[in-house]
Amino acid sequence: MKALVYRGPRNVKIENVPEPKIEKPTDAIVKIVATNICGSDLHMFEGRTDVEEGKVLGHENLGEVVESGPAAQLVKKGDWVCLPFNISCGCCPNCERGLTGFCTTANPGNAGAAYGYAGMGPYNGGQAEYLRVPWADFNCLKLPEDAEEKLSDYVMLSDIFPTGWHATELAGLRPGESIVIYGCGPVGLMAAHSALIKGAAKVMVVDRHPDRLRLAEEIGAIAVDDSDGKQVEKILELTSGLGAERGCECVGYQCHDPEGHEVPNQTMNDLVESVRPTAGLGVVGVFVSEDPKGADELARKGQMAFDIGKFFEKGLHMGSGQANVKAYNRYLCHLIHHDRAKPSWIVSHELGLDEAPEAYEKFDAREDGWTKVILHPQGRRKEAKHKPEARAKTPRREKELAHAH
Ligand code: NAD
Ligand code: ZN
């Protein structure tokens, strides 16, 4: 089958690889119909992880079950399913508590496994024609009858929509509160979408890419351009000098100044400055315990100069880590099904798998208009929105939804 394979920094290729097979009785094989490129893939693409050459990438997957093992009771051939990026067993102590991002079975010696990702176990990804899904009954979210029609929404249930939601959960957001979100990439935009659905009174999103900030404004969030370095002042102004009640970090360890120089502690310290005393912070941008190509000595050891003094004085609290997708995806699926959420408004490109290497380059460069890419390994869909102008249709509906809350 055809798959996108990592061959070293900035080098991903479409290659022929063996088709996956049922290896354990609880497995299923899914024919991948839609699979996204994620900001997390870019850490690997840029050579900032120790991912091994030859790995098939892709952890944001949706498709049709073509085969299930003899011990899979619930998923059957023909089911349309969306797969959480986390692979989890369903019965270890963490999975039992809904913390499926920290499954202790799927990646022995570590907590947490994923498809096609550095350090997340021996699993190949779904930027391919087929994917092996372990513990299929637990990991497959069966989609409603409008699965194909709302494909570009449902595929966001694999990662970024639950991850954005998780950021607001970790921050402790409640209706009527204000929230500041650092990073207006797909994850930050999903955090903004989630915050608005949850009834936040004021949602402020910080970034420097006009195309991304425009998307935030389309749903009723306030765009805060940080190109002039005055983001903290702007947030304070927008919150009567107090700072926001909640804050989210949706950028991660490669955060940088608008010129592109990495400043590893920038978003974390900006967050501390931008929130009011007793605020909650949700950190879902990825930070790593070792970064040999990090910008400074601390970063290379997975550390940073964090404003712990101000953090303590303000009595802030913080949650972090991989999103437990299974804790949310069924309910977020209902929101999509009943037109209460429309995460696909951020999609800029729907492409064939062959076009993936070029798409990695464009998305990595954060080129204007490249906000989220869906790949279709079974061939581009006829009605796919690969033209930028096609996107303009969704937000109006989104605004109506936002007003309906
Ligand atoms: P992305 O790289 O497309 O978006 C990041 C955005 O942050 C960019 O638009 C960039 O301009 C902006 N940015 C960079 N430096 C900034 C700064 N100093 N201040 C404000 N904005 C800044 O990626 P994405 O897909 O949105 O993912 C964001 C992060 O979330 C990545 O680290 C990714 O690995 C992580 N992630 C985590 C989880 C999880 O489960 N915790 C899941 C998915 C993605
Ligand atoms: Zn992802």
# chains A, B, ... in the order shown; residues from 1 in each chain; ligands from 1
>>> select_by_dssp(residues="region 301-398 of chain A", states="strand (DSSP E or B)", output="list of chain:residue names")
A:His317, A:Met318, A:Gly319, A:Ser320, A:His349, A:Glu350, A:Leu351, A:Gly352, A:Val373, A:Ile374, A:Leu375, A:His376
>>> select_by_dssp(residues="region 209-305 of chain A", states="alpha helix (DSSP H)", output="PyMOL selection string")
chain A and resi 210-218+231-238+266-274+297-300
>>> residues_near_ligand(ligand="ligand 2", cutoff="9 Å", atoms="only C-alpha atoms and all ligand atoms", output="number ranges by chain")
A: 36-41, 58-60, 85, 158-160, 163, 187
>>> closest_residue(among="A:Lys2, A:Lys372, A:Arg214, A:Arg10", to="Ile32 (chain A)", atoms="only C-alpha atoms")
A:Lys2
>>> residues_near_ligand(ligand="ligand 1", cutoff="6 Å", atoms="only C-alpha atoms and all ligand atoms", output="PDB file with C-alpha atoms, in the first residue's frame")
ATOM      1  CA  CYS A  38      -0.969  17.957  12.680  1.00  0.00           C
ATOM      2  CA  GLY A  39       1.258  20.631  14.196  1.00  0.00           C
ATOM      3  CA  SER A  40       2.710  17.733  16.201  1.00  0.00           C
ATOM      4  CA  ASP A 159      -7.122  14.985  17.977  1.00  0.00           C
ATOM      5  CA  ILE A 160      -7.388  18.729  17.667  1.00  0.00           C
ATOM      6  CA  THR A 163      -7.264  18.662  22.459  1.00  0.00           C
ATOM      7  CA  TYR A 182      -1.647  31.556  23.072  1.00  0.00           C
ATOM      8  CA  GLY A 183      -1.319  30.084  19.569  1.00  0.00           C
ATOM      9  CA  CYS A 184      -3.847  30.368  16.764  1.00  0.00           C
ATOM     10  CA  GLY A 185      -2.889  27.192  14.960  1.00  0.00           C
ATOM     11  CA  PRO A 186      -5.437  24.391  14.640  1.00  0.00           C
ATOM     12  CA  VAL A 187      -5.221  23.559  18.354  1.00  0.00           C
ATOM     13  CA  GLY A 188      -5.601  27.167  19.524  1.00  0.00           C
ATOM     14  CA  VAL A 206      -2.712  35.496  20.365  1.00  0.00           C
ATOM     15  CA  ASP A 207      -0.635  34.868  17.223  1.00  0.00           C
ATOM     16  CA  ARG A 208       0.991  36.778  14.387  1.00  0.00           C
ATOM     17  CA  HIS A 209      -0.412  35.063  11.281  1.00  0.00           C
ATOM     18  CA  CYS A 250      -1.454  25.942  22.391  1.00  0.00           C
ATOM     19  CA  VAL A 251       2.024  26.506  20.920  1.00  0.00           C
ATOM     20  CA  GLY A 252       4.577  24.270  22.670  1.00  0.00           C
ATOM     21  CA  CYS A 255       7.413  28.872  20.436  1.00  0.00           C
ATOM     22  CA  HIS A 256       9.206  31.841  18.946  1.00  0.00           C
ATOM     23  CA  ASP A 257       9.159  35.583  18.497  1.00  0.00           C
ATOM     24  CA  GLN A 266       7.872  33.023  25.959  1.00  0.00           C
ATOM     25  CA  THR A 267       4.338  31.660  25.916  1.00  0.00           C
ATOM     26  CA  VAL A 284      -1.526  21.360  25.677  1.00  0.00           C
ATOM     27  CA  GLY A 285       1.249  22.677  23.432  1.00  0.00           C
ATOM     28  CA  VAL A 286       3.879  19.933  23.508  1.00  0.00           C
ATOM     29  CA  GLY A 321      -0.209  16.929  28.910  1.00  0.00           C
ATOM     30  CA  GLN A 322      -1.586  14.921  26.041  1.00  0.00           C
ATOM     31  CA  ALA A 323      -5.336  15.153  25.619  1.00  0.00           C
TER      32      ALA A 323
END
>>> residues_around(residues="Gly282 (chain A)", least_positions_apart="6", cutoff="6 Å", atoms="only C-alpha atoms", output="ChimeraX atom specification")
/A:167,170-171,248,318-320
>>> write_last_selection(atoms="C-alpha atoms", output="PDB file, in the first residue's frame")
ATOM      1  CA  ALA A 167      -7.043  22.854  27.124  1.00  0.00           C
ATOM      2  CA  LEU A 170      -7.474  21.914  32.254  1.00  0.00           C
ATOM      3  CA  ALA A 171      -7.825  25.680  32.610  1.00  0.00           C
ATOM      4  CA  CYS A 248      -4.308  28.131  27.431  1.00  0.00           C
ATOM      5  CA  MET A 318      -1.971  24.574  35.852  1.00  0.00           C
ATOM      6  CA  GLY A 319      -2.752  21.315  34.089  1.00  0.00           C
ATOM      7  CA  SER A 320      -0.809  19.882  31.178  1.00  0.00           C
TER       8      SER A 320
END
>>> atom_distance(atom1="CA of Asn61 (chain A)", atom2="CA of Ser289 (chain A)")
26.8 Å
>>> closest_residue(among="A:His193, A:Lys77, A:Arg246, A:Lys301", to="Ala221 (chain A)", atoms="only C-alpha atoms")
A:His193
>>> closest_residue(among="A:Thr239, A:Ser227, A:Asn324, A:Asn94", to="Pro258 (chain A)", atoms="only C-alpha atoms")
A:Ser227
>>> closest_residue(among="A:Gly98, A:Ala244, A:Glu217, A:Ala147", to="His334 (chain A)", atoms="only C-alpha atoms")
A:Ala147
>>> closest_atom_pairs(of="region 281-375 of chain A", to="region 132-145 of chain A", cutoff="12 Å", atoms="only C-alpha atoms", output="JSON lines")
{"residue": "A:Asn324", "atom": "CA", "partner": "A:Asn139", "partner_atom": "CA", "distance": 11.7}
{"residue": "A:Val325", "atom": "CA", "partner": "A:Asn139", "partner_atom": "CA", "distance": 9.9}
{"residue": "A:Lys326", "atom": "CA", "partner": "A:Asn139", "partner_atom": "CA", "distance": 7.9}
{"residue": "A:Ala327", "atom": "CA", "partner": "A:Asn139", "partner_atom": "CA", "distance": 11.5}
{"residue": "A:Tyr328", "atom": "CA", "partner": "A:Leu141", "partner_atom": "CA", "distance": 10.9}
{"residue": "A:Asn329", "atom": "CA", "partner": "A:Leu141", "partner_atom": "CA", "distance": 7.7}
{"residue": "A:Arg330", "atom": "CA", "partner": "A:Leu141", "partner_atom": "CA", "distance": 7.0}
{"residue": "A:Tyr331", "atom": "CA", "partner": "A:Leu141", "partner_atom": "CA", "distance": 10.7}
{"residue": "A:Leu332", "atom": "CA", "partner": "A:Leu141", "partner_atom": "CA", "distance": 11.2}
{"residue": "A:Cys333", "atom": "CA", "partner": "A:Leu143", "partner_atom": "CA", "distance": 7.8}
{"residue": "A:His334", "atom": "CA", "partner": "A:Pro144", "partner_atom": "CA", "distance": 8.9}
{"residue": "A:Leu335", "atom": "CA", "partner": "A:Pro144", "partner_atom": "CA", "distance": 11.7}
{"residue": "A:Ile336", "atom": "CA", "partner": "A:Pro144", "partner_atom": "CA", "distance": 10.1}
{"residue": "A:His337", "atom": "CA", "partner": "A:Pro144", "partner_atom": "CA", "distance": 7.4}
{"residue": "A:His338", "atom": "CA", "partner": "A:Pro144", "partner_atom": "CA", "distance": 10.7}
>>> residues_around(residues="Val275 (chain A)", least_positions_apart="5", cutoff="8 Å", atoms="only C-alpha atoms", output="list in words")
Val180, Leu242, Gly243, Ala244, Glu245, Arg246 and Gly247 of chain A
